[in-house]
$ cat input-v4.txt   # compact mmCIF, C-alpha atoms
# COMPACT_ATOMS: atom_id res chain seq x y z
CA MET A 1 0.00 0.00 0.00
CA VAL A 2 1.36 3.39 -0.97
CA GLN A 3 1.67 5.82 1.93
CA TYR A 4 -0.03 9.08 1.09
CA PRO A 5 1.42 12.10 2.85
CA SER A 6 -1.81 13.47 4.28
CA LYS A 7 -5.54 13.04 4.48
CA LEU A 8 -6.01 15.80 1.92
CA ALA A 9 -3.78 14.09 -0.60
CA ARG A 10 -6.03 11.04 -0.41
CA GLN A 11 -9.08 13.19 -0.95
CA THR A 12 -7.74 14.98 -4.01
CA ARG A 13 -6.99 11.62 -5.57
CA SER A 14 -10.81 11.41 -5.67
CA GLY A 15 -11.02 7.98 -4.09
CA LEU A 16 -10.39 5.99 -7.25
CA PRO A 17 -8.72 2.61 -6.71
CA ARG A 18 -5.02 2.66 -7.54
CA SER A 19 -5.34 0.31 -10.52
CA GLN A 20 -8.03 2.39 -12.16
CA LYS A 21 -6.09 5.60 -11.48
CA LYS A 22 -3.07 4.25 -13.30
CA ARG A 23 -4.91 3.85 -16.58
CA THR A 24 -6.02 7.48 -16.61
CA ASN A 25 -2.81 8.91 -15.21
CA PHE A 26 -1.44 11.32 -17.78
CA ALA A 27 2.09 10.67 -16.60
CA ASN A 28 1.64 7.57 -18.75
CA ARG A 29 1.56 9.53 -21.96
CA GLY A 30 5.34 9.64 -21.98
CA MET A 31 5.39 13.41 -21.74
CA SER A 32 8.28 14.88 -19.79
CA PHE A 33 7.47 16.58 -16.52
CA GLU A 34 8.74 19.85 -17.98
CA ASN A 35 6.27 19.59 -20.85
CA MET A 36 3.45 18.77 -18.47
CA LEU A 37 4.33 21.90 -16.50
CA ASN A 38 4.46 24.04 -19.63
CA GLU A 39 1.01 22.74 -20.54
CA THR A 40 -0.21 23.48 -17.03
CA ASN A 41 1.11 27.03 -17.09
CA SER A 42 -0.46 27.63 -20.51
CA TYR A 43 -3.74 26.35 -19.14
CA TYR A 44 -3.55 28.64 -16.10
CA LEU A 45 -2.67 31.59 -18.34
CA THR A 46 -5.48 30.94 -20.83
CA LYS A 47 -8.03 30.56 -18.05
CA GLY A 48 -6.83 33.74 -16.38
CA LEU A 49 -5.93 31.83 -13.21
CA ALA A 50 -2.23 32.68 -12.92
CA VAL A 51 0.66 34.12 -14.92
CA ILE A 52 3.59 31.70 -14.55
CA HIS A 53 6.45 31.47 -17.04
CA LYS A 54 9.56 29.36 -17.32
CA LYS A 55 12.63 31.56 -17.56
CA PRO A 56 14.77 31.22 -20.70
CA THR A 57 17.94 29.12 -20.41
CA PRO A 58 20.75 31.52 -19.49
CA VAL A 59 23.30 31.69 -22.28
CA GLN A 60 26.55 33.63 -22.53
CA ILE A 61 26.65 34.93 -26.08
CA VAL A 62 30.20 35.36 -27.42
CA ARG A 63 29.89 35.83 -31.18
CA VAL A 64 27.02 36.74 -33.49
CA ASP A 65 27.10 36.61 -37.31
CA TYR A 66 24.77 38.38 -39.71
CA PRO A 67 24.58 35.99 -42.68
CA GLN A 68 21.32 37.56 -43.81
CA ARG A 69 20.39 41.13 -43.14
CA SER A 70 17.14 39.97 -41.57
CA ARG A 71 18.32 37.60 -38.90
CA ALA A 72 21.25 37.50 -36.51
CA LYS A 73 22.87 34.08 -36.02
CA ILE A 74 24.60 33.25 -32.76
CA VAL A 75 27.68 31.17 -33.66
CA GLU A 76 29.43 30.96 -30.31
CA ALA A 77 27.69 30.80 -26.97
CA TYR A 78 27.90 28.84 -23.74
CA PHE A 79 25.43 27.68 -21.15
CA ARG A 80 25.55 29.62 -17.90
CA GLN A 81 24.43 28.30 -14.55
CA ALA A 82 21.04 29.61 -13.50
CA SER A 83 21.18 31.98 -10.54
CA THR A 84 17.48 31.67 -9.79
CA THR A 85 14.80 29.02 -10.06
CA ASP A 86 13.24 28.18 -13.42
CA TYR A 87 9.65 29.25 -12.82
CA SER A 88 8.10 32.38 -11.40
CA GLY A 89 5.00 34.47 -11.70
CA VAL A 90 1.93 35.83 -10.01
CA TYR A 91 -1.24 34.23 -8.67
CA ARG A 92 -3.92 36.47 -7.15
CA GLY A 93 -1.30 39.02 -6.15
CA TYR A 94 1.01 36.39 -4.64
CA TYR A 95 4.54 35.96 -5.96
CA LEU A 96 5.23 32.31 -6.83
CA ASP A 97 8.71 30.94 -7.42
CA PHE A 98 9.66 27.33 -7.94
CA GLU A 99 11.99 24.75 -9.38
CA ALA A 100 10.81 21.51 -11.02
CA LYS A 101 12.76 18.25 -11.03
CA GLU A 102 12.09 14.78 -12.35
CA THR A 103 13.81 11.50 -11.45
CA ARG A 104 13.45 7.82 -12.31
CA GLN A 105 14.79 6.89 -8.89
CA LYS A 106 12.39 5.31 -6.45
CA THR A 107 14.03 6.11 -3.14
CA GLY A 108 14.63 9.85 -3.35
CA MET A 109 15.47 12.99 -5.31
CA PRO A 110 19.25 13.58 -5.69
CA LEU A 111 20.16 17.02 -4.37
CA LYS A 112 22.85 17.49 -7.03
CA ASN A 113 19.85 18.49 -9.20
CA PHE A 114 19.82 21.77 -7.26
CA HIS A 115 22.59 24.38 -7.31
CA ALA A 116 23.73 26.40 -4.31
CA HIS A 117 22.67 29.60 -6.09
CA GLN A 118 19.15 28.35 -6.51
CA ILE A 119 18.86 27.38 -2.86
CA GLU A 120 20.21 30.79 -1.84
CA HIS A 121 17.67 32.43 -4.15
CA MET A 122 14.86 30.43 -2.51
CA GLY A 123 15.91 31.74 0.89
CA GLN A 124 15.87 35.30 -0.43
CA VAL A 125 12.38 34.81 -1.86
CA LEU A 126 11.07 33.50 1.47
CA GLU A 127 12.51 36.53 3.25
CA GLN A 128 10.53 38.75 0.87
CA GLU A 129 7.38 36.76 1.72
CA GLY A 130 7.22 35.08 -1.67
CA ILE A 131 5.72 31.60 -2.04
CA CYS A 132 8.56 29.26 -2.87
CA PHE A 133 8.71 25.51 -3.40
CA ALA A 134 9.94 22.64 -5.57
CA LEU A 135 7.78 20.37 -7.72
CA LEU A 136 9.27 16.88 -7.58
CA HIS A 137 8.19 14.20 -10.01
CA PHE A 138 9.06 10.53 -9.58
CA SER A 139 8.41 9.06 -13.02
CA THR A 140 8.84 5.40 -12.04
CA LEU A 141 6.78 5.69 -8.86
CA GLN A 142 4.28 7.92 -10.67
CA GLU A 143 4.19 10.24 -7.69
CA THR A 144 4.45 14.02 -7.73
CA TYR A 145 4.91 16.37 -4.81
CA LEU A 146 5.02 20.03 -3.97
CA LEU A 147 7.76 20.47 -1.37
CA PRO A 148 7.88 23.86 0.40
CA ALA A 149 11.26 25.58 0.04
CA GLU A 150 11.89 25.57 3.80
CA ALA A 151 12.30 21.78 3.87
CA LEU A 152 14.48 21.77 0.75
CA ILE A 153 16.76 24.52 2.05
CA ARG A 154 17.18 22.75 5.40
CA SER A 155 18.21 19.45 3.82
CA PHE A 156 20.58 21.22 1.41
CA GLN A 157 22.24 23.09 4.28
CA ASP A 158 22.60 19.81 6.17
CA ASN A 159 24.54 18.44 3.15
CA TRP A 160 22.12 15.65 2.36
CA LYS A 161 22.93 13.93 -0.92
CA SER A 162 19.32 13.13 -1.62
CA LEU A 163 15.81 13.93 -0.41
CA PRO A 164 14.41 10.55 0.71
CA ILE A 165 10.96 9.80 -0.67
CA GLU A 166 9.66 9.32 2.90
CA PHE A 167 10.89 12.81 3.81
CA ILE A 168 9.12 14.26 0.77
CA ARG A 169 5.90 12.41 1.57
CA GLU A 170 6.07 13.74 5.11
CA HIS A 171 6.97 17.38 4.38
CA GLY A 172 5.42 17.80 0.93
CA TYR A 173 1.96 17.67 -0.58
CA SER A 174 0.97 15.03 -3.11
CA ILE A 175 -0.27 16.24 -6.49
CA SER A 176 -2.48 14.01 -8.62
CA LEU A 177 -1.59 14.44 -12.26
CA GLY A 178 -4.55 15.04 -14.50
CA ALA A 179 -5.57 16.27 -17.92
CA PHE A 180 -6.58 19.92 -17.58
CA PRO A 181 -4.29 20.96 -16.11
CA SER A 182 -1.63 18.21 -16.11
CA VAL A 183 -0.02 19.27 -12.82
CA PRO A 184 -2.66 21.10 -10.74
CA TYR A 185 -0.28 22.70 -8.26
CA LEU A 186 -2.34 25.87 -7.69
CA GLU A 187 -4.85 23.86 -5.66
CA ILE A 188 -2.10 22.92 -3.21
CA ILE A 189 -0.92 26.52 -2.95
CA GLU A 190 -4.44 27.75 -2.37
CA GLU A 191 -5.12 25.17 0.33
CA HIS A 192 -1.80 25.00 2.12
CA LEU A 193 0.66 27.78 1.36
CA ILE A 194 -1.40 30.96 1.28
CA GLY A 195 -1.76 32.95 4.46
CA GLY A 196 1.50 31.79 5.94
CA LYS A 197 0.26 28.30 6.79
CA SER A 198 2.72 25.50 6.39
CA LYS A 199 2.86 21.87 7.37
CA MET B 200 12.02 75.44 -16.01
CA VAL B 201 11.52 71.70 -16.09
CA GLN B 202 7.99 70.57 -15.33
CA TYR B 203 7.97 67.98 -12.62
CA PRO B 204 5.05 65.53 -12.66
CA SER B 205 3.99 65.92 -9.05
CA LYS B 206 4.71 67.56 -5.75
CA LEU B 207 6.33 64.39 -4.48
CA ALA B 208 8.76 64.21 -7.37
CA ARG B 209 9.98 67.68 -6.44
CA GLN B 210 10.44 66.62 -2.85
CA THR B 211 12.46 63.50 -3.63
CA ARG B 212 14.77 65.62 -5.76
CA SER B 213 15.73 67.02 -2.35
CA GLY B 214 15.41 70.63 -3.36
CA LEU B 215 18.85 70.96 -4.88
CA PRO B 216 19.17 73.58 -7.61
CA ARG B 217 19.20 72.02 -11.08
CA SER B 218 22.81 72.99 -11.84
CA GLN B 219 24.15 71.42 -8.66
CA LYS B 220 22.08 68.30 -9.22
CA LYS B 221 23.59 67.77 -12.64
CA ARG B 222 27.10 67.45 -11.26
CA THR B 223 26.09 64.66 -8.91
CA ASN B 224 23.67 62.96 -11.27
CA PHE B 225 24.97 59.47 -11.86
CA ALA B 226 23.38 59.36 -15.29
CA ASN B 227 26.44 61.37 -16.21
CA ARG B 228 28.77 58.48 -15.61
CA GLY B 229 28.00 57.17 -19.08
CA MET B 230 26.57 53.97 -17.70
CA SER B 231 23.70 52.49 -19.70
CA PHE B 232 20.29 52.49 -18.06
CA GLU B 233 20.33 48.70 -18.10
CA ASN B 234 23.57 48.66 -16.15
CA MET B 235 22.21 51.17 -13.67
CA LEU B 236 19.21 48.91 -13.16
CA ASN B 237 21.37 45.83 -12.71
CA GLU B 238 23.33 47.73 -10.07
CA THR B 239 20.10 48.80 -8.41
CA ASN B 240 18.73 45.27 -8.30
CA SER B 241 22.02 43.97 -6.88
CA TYR B 242 21.85 46.67 -4.22
CA TYR B 243 18.26 45.76 -3.32
CA LEU B 244 19.18 42.07 -3.19
CA THR B 245 22.26 42.60 -1.02
CA LYS B 246 20.36 44.82 1.40
CA GLY B 247 17.51 42.28 1.62
CA LEU B 248 15.03 44.85 0.29
CA ALA B 249 13.74 43.01 -2.79
CA VAL B 250 14.53 40.08 -5.08
CA ILE B 251 14.36 41.37 -8.65
CA HIS B 252 16.16 39.72 -11.56
CA LYS B 253 16.47 40.42 -15.24
CA LYS B 254 15.37 37.44 -17.28
CA PRO B 255 17.93 35.87 -19.60
CA THR B 256 17.70 36.77 -23.28
CA PRO B 257 15.51 34.13 -24.92
CA VAL B 258 17.52 32.10 -27.41
CA GLN B 259 16.47 29.28 -29.72
CA ILE B 260 19.31 26.77 -29.58
CA VAL B 261 19.71 24.76 -32.78
CA ARG B 262 23.11 23.04 -32.58
CA VAL B 263 25.53 22.30 -29.74
CA ASP B 264 29.07 20.96 -30.12
CA TYR B 265 31.19 19.29 -27.47
CA PRO B 266 34.75 20.32 -28.40
CA GLN B 267 35.94 19.61 -24.86
CA ARG B 268 34.37 17.06 -22.60
CA SER B 269 33.91 19.69 -19.94
CA ARG B 270 31.95 22.36 -21.75
CA ALA B 271 29.20 22.38 -24.33
CA LYS B 272 29.52 25.01 -27.06
CA ILE B 273 26.45 26.39 -28.77
CA VAL B 274 27.35 26.87 -32.45
CA GLU B 275 23.96 27.74 -33.91
CA ALA B 276 21.26 29.69 -32.15
CA TYR B 277 18.87 32.56 -32.83
CA PHE B 278 17.35 35.34 -30.80
CA ARG B 279 13.69 34.82 -29.98
CA GLN B 280 11.24 37.59 -29.19
CA ALA B 281 10.53 37.93 -25.50
CA SER B 282 6.99 36.95 -24.52
CA THR B 283 7.16 38.69 -21.16
CA THR B 284 8.80 41.77 -19.69
CA ASP B 285 12.49 41.73 -18.81
CA TYR B 286 12.33 42.19 -15.05
CA SER B 287 10.31 40.49 -12.35
CA GLY B 288 10.55 39.59 -8.72
CA VAL B 289 9.18 40.02 -5.23
CA TYR B 290 9.10 42.94 -2.81
CA ARG B 291 7.51 42.44 0.62
CA GLY B 292 5.23 39.76 -0.80
CA TYR B 293 4.23 41.86 -3.80
CA TYR B 294 4.87 40.60 -7.31
CA LEU B 295 6.71 43.21 -9.39
CA ASP B 296 6.98 43.05 -13.17
CA PHE B 297 8.45 45.70 -15.44
CA GLU B 298 10.14 46.63 -18.66
CA ALA B 299 12.93 49.22 -18.90
CA LYS B 300 13.60 51.41 -21.93
CA GLU B 301 16.08 54.14 -22.69
CA THR B 302 15.97 56.77 -25.45
CA ARG B 303 18.02 59.76 -26.56
CA GLN B 304 14.89 61.42 -27.92
CA LYS B 305 13.63 64.50 -26.11
CA THR B 306 9.97 64.51 -27.10
CA GLY B 307 8.86 60.99 -26.26
CA MET B 308 9.49 57.26 -26.01
CA PRO B 309 8.87 55.38 -29.28
CA LEU B 310 6.35 52.60 -28.75
CA LYS B 311 8.11 50.31 -31.23
CA ASN B 312 10.38 49.59 -28.26
CA PHE B 313 7.55 47.47 -26.85
CA HIS B 314 6.19 44.30 -28.45
CA ALA B 315 2.52 43.31 -28.52
CA HIS B 316 3.35 40.19 -26.47
CA GLN B 317 4.86 42.28 -23.72
CA ILE B 318 1.85 44.57 -23.54
CA GLU B 319 -0.46 41.56 -23.44
CA HIS B 320 1.66 40.10 -20.64
CA MET B 321 1.37 43.35 -18.68
CA GLY B 322 -2.42 43.16 -18.92
CA GLN B 323 -2.35 39.58 -17.63
CA VAL B 324 -0.15 40.60 -14.70
CA LEU B 325 -2.53 43.42 -13.74
CA GLU B 326 -5.47 40.97 -13.81
CA GLN B 327 -3.56 38.81 -11.31
CA GLU B 328 -3.08 41.86 -9.08
CA GLY B 329 0.64 42.11 -9.81
CA ILE B 330 2.41 45.47 -9.76
CA CYS B 331 3.37 46.27 -13.33
CA PHE B 332 5.04 49.28 -14.92
CA ALA B 333 7.71 50.57 -17.27
CA LEU B 334 10.88 52.42 -16.30
CA LEU B 335 11.57 55.04 -18.96
CA HIS B 336 14.91 56.79 -19.14
CA PHE B 337 15.53 59.87 -21.31
CA SER B 338 19.30 60.06 -21.50
CA THR B 339 19.50 63.45 -23.21
CA LEU B 340 16.88 65.07 -20.96
CA GLN B 341 18.33 63.25 -17.94
CA GLU B 342 14.85 62.40 -16.77
CA THR B 343 13.64 59.01 -15.60
CA TYR B 344 10.06 57.92 -14.92
CA LEU B 345 8.09 55.02 -13.59
CA LEU B 346 4.98 54.75 -15.78
CA PRO B 347 2.22 52.42 -14.47
CA ALA B 348 1.32 49.69 -16.98
CA GLU B 349 -2.29 50.91 -17.32
CA ALA B 350 -1.20 54.10 -19.10
CA LEU B 351 1.25 52.22 -21.33
CA ILE B 352 -1.32 49.58 -22.32
CA ARG B 353 -3.91 52.24 -23.15
CA SER B 354 -1.60 54.19 -25.44
CA PHE B 355 -0.43 50.99 -27.14
CA GLN B 356 -4.02 49.90 -27.77
CA ASP B 357 -4.80 53.33 -29.20
CA ASN B 358 -1.97 52.76 -31.73
CA TRP B 359 0.15 55.67 -30.58
CA LYS B 360 3.59 55.68 -32.20
CA SER B 361 5.25 57.28 -29.22
CA LEU B 362 4.58 58.17 -25.59
CA PRO B 363 4.90 61.98 -25.49
CA ILE B 364 7.13 63.24 -22.68
CA GLU B 365 4.25 65.41 -21.40
CA PHE B 366 2.05 62.31 -21.16
CA ILE B 367 4.75 60.48 -19.20
CA ARG B 368 5.25 63.46 -16.87
CA GLU B 369 1.52 63.55 -16.25
CA HIS B 370 0.83 59.83 -15.79
CA GLY B 371 4.19 58.69 -14.46
CA TYR B 372 6.34 59.33 -11.41
CA SER B 373 9.73 60.98 -11.67
CA ILE B 374 12.72 59.04 -10.32
CA SER B 375 15.84 60.91 -9.25
CA LEU B 376 18.90 58.88 -10.18
CA GLY B 377 21.38 58.48 -7.37
CA ALA B 378 24.33 56.44 -6.22
CA PHE B 379 23.05 53.74 -3.88
CA PRO B 380 20.87 52.64 -5.54
CA SER B 381 21.24 54.18 -9.00
CA VAL B 382 17.54 53.98 -9.86
CA PRO B 383 15.57 54.03 -6.58
CA TYR B 384 12.27 52.79 -8.02
CA LEU B 385 11.14 50.92 -4.88
CA GLU B 386 10.41 54.25 -3.17
CA ILE B 387 7.89 55.09 -5.89
CA ILE B 388 6.25 51.68 -5.60
CA GLU B 389 6.03 51.96 -1.84
CA GLU B 390 4.51 55.45 -1.99
CA HIS B 391 2.23 55.20 -5.00
CA LEU B 392 1.53 51.70 -6.29
CA ILE B 393 1.00 49.58 -3.19
CA GLY B 394 -2.51 49.21 -1.88
CA GLY B 395 -4.20 49.68 -5.23
CA LYS B 396 -3.59 53.42 -5.32
CA SER B 397 -2.82 54.91 -8.68
CA LYS B 398 -2.58 58.38 -10.10
$ encode --input "input-v4.txt" --output "structure tokens"
Amino acid sequence: MVQYPSKLARQTRSGLPRSQKKRTNFANRGMSFENMLNETNSYYLTKGLAVIHKKPTPVQIVRVDYPQRSRAKIVEAYFRQASTTDYSGVYRGYYLDFEAKETRQKTGMPLKNFHAHQIEHMGQVLEQEGICFALLHFSTLQETYLLPAEALIRSFQDNWKSLPIEFIREHGYSISLGAFPSVPYLEIIEEHLIGGKSK
Amino acid sequence: MVQYPSKLARQTRSGLPRSQKKRTNFANRGMSFENMLNETNSYYLTKGLAVIHKKPTPVQIVRVDYPQRSRAKIVEAYFRQASTTDYSGVYRGYYLDFEAKETRQKTGMPLKNFHAHQIEHMGQVLEQEGICFALLHFSTLQETYLLPAEALIRSFQDNWKSLPIEFIREHGYSISLGAFPSVPYLEIIEEHLIGGKSK
């Protein structure tokens, strides 16, 4: 029997038996978690529910050619490390800021997926009263969680190598993947993170 | 005599005579407005006053080489048009979102500097109760304004080709450039934009 992290998580899974759930779980479509999130954010934007965008990949541009007058071509550039999280935006006046990670592992989320700069940024956001968290997707387990930044920062500072799945189940909130939207994380924010409440 | 947009703007210019002000005006250092803003945001971040970042330039990456094992080299990429504004972040729980533009013109700010997508994004942010505006810097006039997004959106929708300087003085708030920080826009937000007040 899978341990759900809270009574609420069970409720939002709408009481369907596990076997039936699996057939309708959209994580089965083979779509990456990032794509599911992009879909979700498009859905929220179209419905006027929230304005959340993924930041562009930071690139250090070194050389640009102009082979045609109409379009510049970048011919030398390098990836830079992100100094913030990947996603941010606004929901009913609240500032949201989060990072999303996916793993095939079953026992935990490796912390090497997060950079020190991102963790530092999360701490800064919390100090400014922003709503900050990580969305963690376990593709093999087919489980997805919203983990508040406080728990992530603590484990990073304690030099953990990985966030154990039991820790995430205990300190995070389970998200049931769906169709519209794919990753309904706003419900969790509305119910648990707004108004300074936390687990 | 320069027309200041409001009583407050005069006060924050600390009553110095114009000639004396010019000598200490940091716009004279030849720094671009973008660099002044980056400095300002670094200052706010370091002092724990706000977390505002400029988004990376959006780039469509087509081909990546691996000349050394350690570092990927992007050898073909193109600039994409931004779908949002350049700056966003959080200040005391408030979501801030803005675009910054600089011109040498003395009579107005050309609206071709803004894209339809950015204006649409600004409207979406306002609907989510975010604080949204443009920072407009006139390098020849040595005047800088915070213009609330509502006025910008309206003029864009009315197909204006340019925002006349008189319009900006009337609907915007003057910012006196300084040293620490270079572009103290948070003061304007605190005094005029928080709590739903607008001009």
$ atom_distance --input "input-v4.txt" --atom1 "atom CA of Ser354 of chain B" --atom2 "atom CA of Val51 of chain A"
22.8 Å
$ closest_atom_pairs --input "input-v4.txt" --of "chain A" --to "chain B" --cutoff "6 Å" --atoms "all atoms listed in the file" --output "CSV"
residue,atom,partner,partner_atom,distance
A:Pro56,CA,B:Pro257,CA,5.2
A:Pro58,CA,B:Pro255,CA,5.2
A:Lys73,CA,B:Tyr277,CA,5.3
A:Ile74,CA,B:Ala276,CA,4.9
A:Val75,CA,B:Val274,CA,4.5
A:Glu76,CA,B:Val274,CA,5.1
A:Ala77,CA,B:Ile273,CA,4.9
A:Tyr78,CA,B:Lys272,CA,5.3
A:Tyr91,CA,B:Gln327,CA,5.8
A:Arg92,CA,B:Gln327,CA,4.8
A:Gly93,CA,B:Glu328,CA,4.5
A:Tyr95,CA,B:Tyr294,CA,4.8
A:Gln128,CA,B:Arg291,CA,4.8
A:Glu129,CA,B:Gly292,CA,4.5
A:Gly130,CA,B:Gly292,CA,5.2
$ write_last_selection --input "input-v4.txt" --atoms "C-alpha atoms" --output "PDB file, in the coordinates of the input"
ATOM      1  CA  PRO A  56      14.770  31.220 -20.700  1.00  0.00           C
ATOM      2  CA  PRO A  58      20.750  31.520 -19.490  1.00  0.00           C
ATOM      3  CA  LYS A  73      22.870  34.080 -36.020  1.00  0.00           C
ATOM      4  CA  ILE A  74      24.600  33.250 -32.760  1.00  0.00           C
ATOM      5  CA  VAL A  75      27.680  31.170 -33.660  1.00  0.00           C
ATOM      6  CA  GLU A  76      29.430  30.960 -30.310  1.00  0.00           C
ATOM      7  CA  ALA A  77      27.690  30.800 -26.970  1.00  0.00           C
ATOM      8  CA  TYR A  78      27.900  28.840 -23.740  1.00  0.00           C
ATOM      9  CA  TYR A  91      -1.240  34.230  -8.670  1.00  0.00           C
ATOM     10  CA  ARG A  92      -3.920  36.470  -7.150  1.00  0.00           C
ATOM     11  CA  GLY A  93      -1.300  39.020  -6.150  1.00  0.00           C
ATOM     12  CA  TYR A  95       4.540  35.960  -5.960  1.00  0.00           C
ATOM     13  CA  GLN A 128      10.530  38.750   0.870  1.00  0.00           C
ATOM     14  CA  GLU A 129       7.380  36.760   1.720  1.00  0.00           C
ATOM     15  CA  GLY A 130       7.220  35.080  -1.670  1.00  0.00           C
TER      16      GLY A 130
END
$ atom_distance --input "input-v4.txt" --atom1 "atom CA of Glu99 of chain A" --atom2 "atom CA of Cys132 of chain A"
8.6 Å
$ residues_around --input "input-v4.txt" --residues "Tyr185 of chain A" --least-positions-apart "3" --cutoff "7 Å" --atoms "all atoms listed in the file" --output "ChimeraX atom specification"
/A:175,188-189
$ closest_residue --input "input-v4.txt" --among "A:Leu146, A:Gly123, A:His117, A:Asn35" --to "Leu186 of chain A" --atoms "all atoms listed in the file"
A:Leu146
$ atom_distance --input "input-v4.txt" --atom1 "atom CA of Ala333 of chain B" --atom2 "atom CA of Thr85 of chain A"
23.8 Å
$ residues_near_point --input "input-v4.txt" --point "(13.5, 3.8, -6.7)" --cutoff "12 Å" --atoms "all atoms listed in the file" --output "list in words"
Thr103, Arg104, Gln105, Lys106, Thr107, Gly108, Met109, Pro110, Phe138, Ser139, Thr140, Leu141, Gln142, Glu143, Pro164, Ile165 and Glu166 of chain A
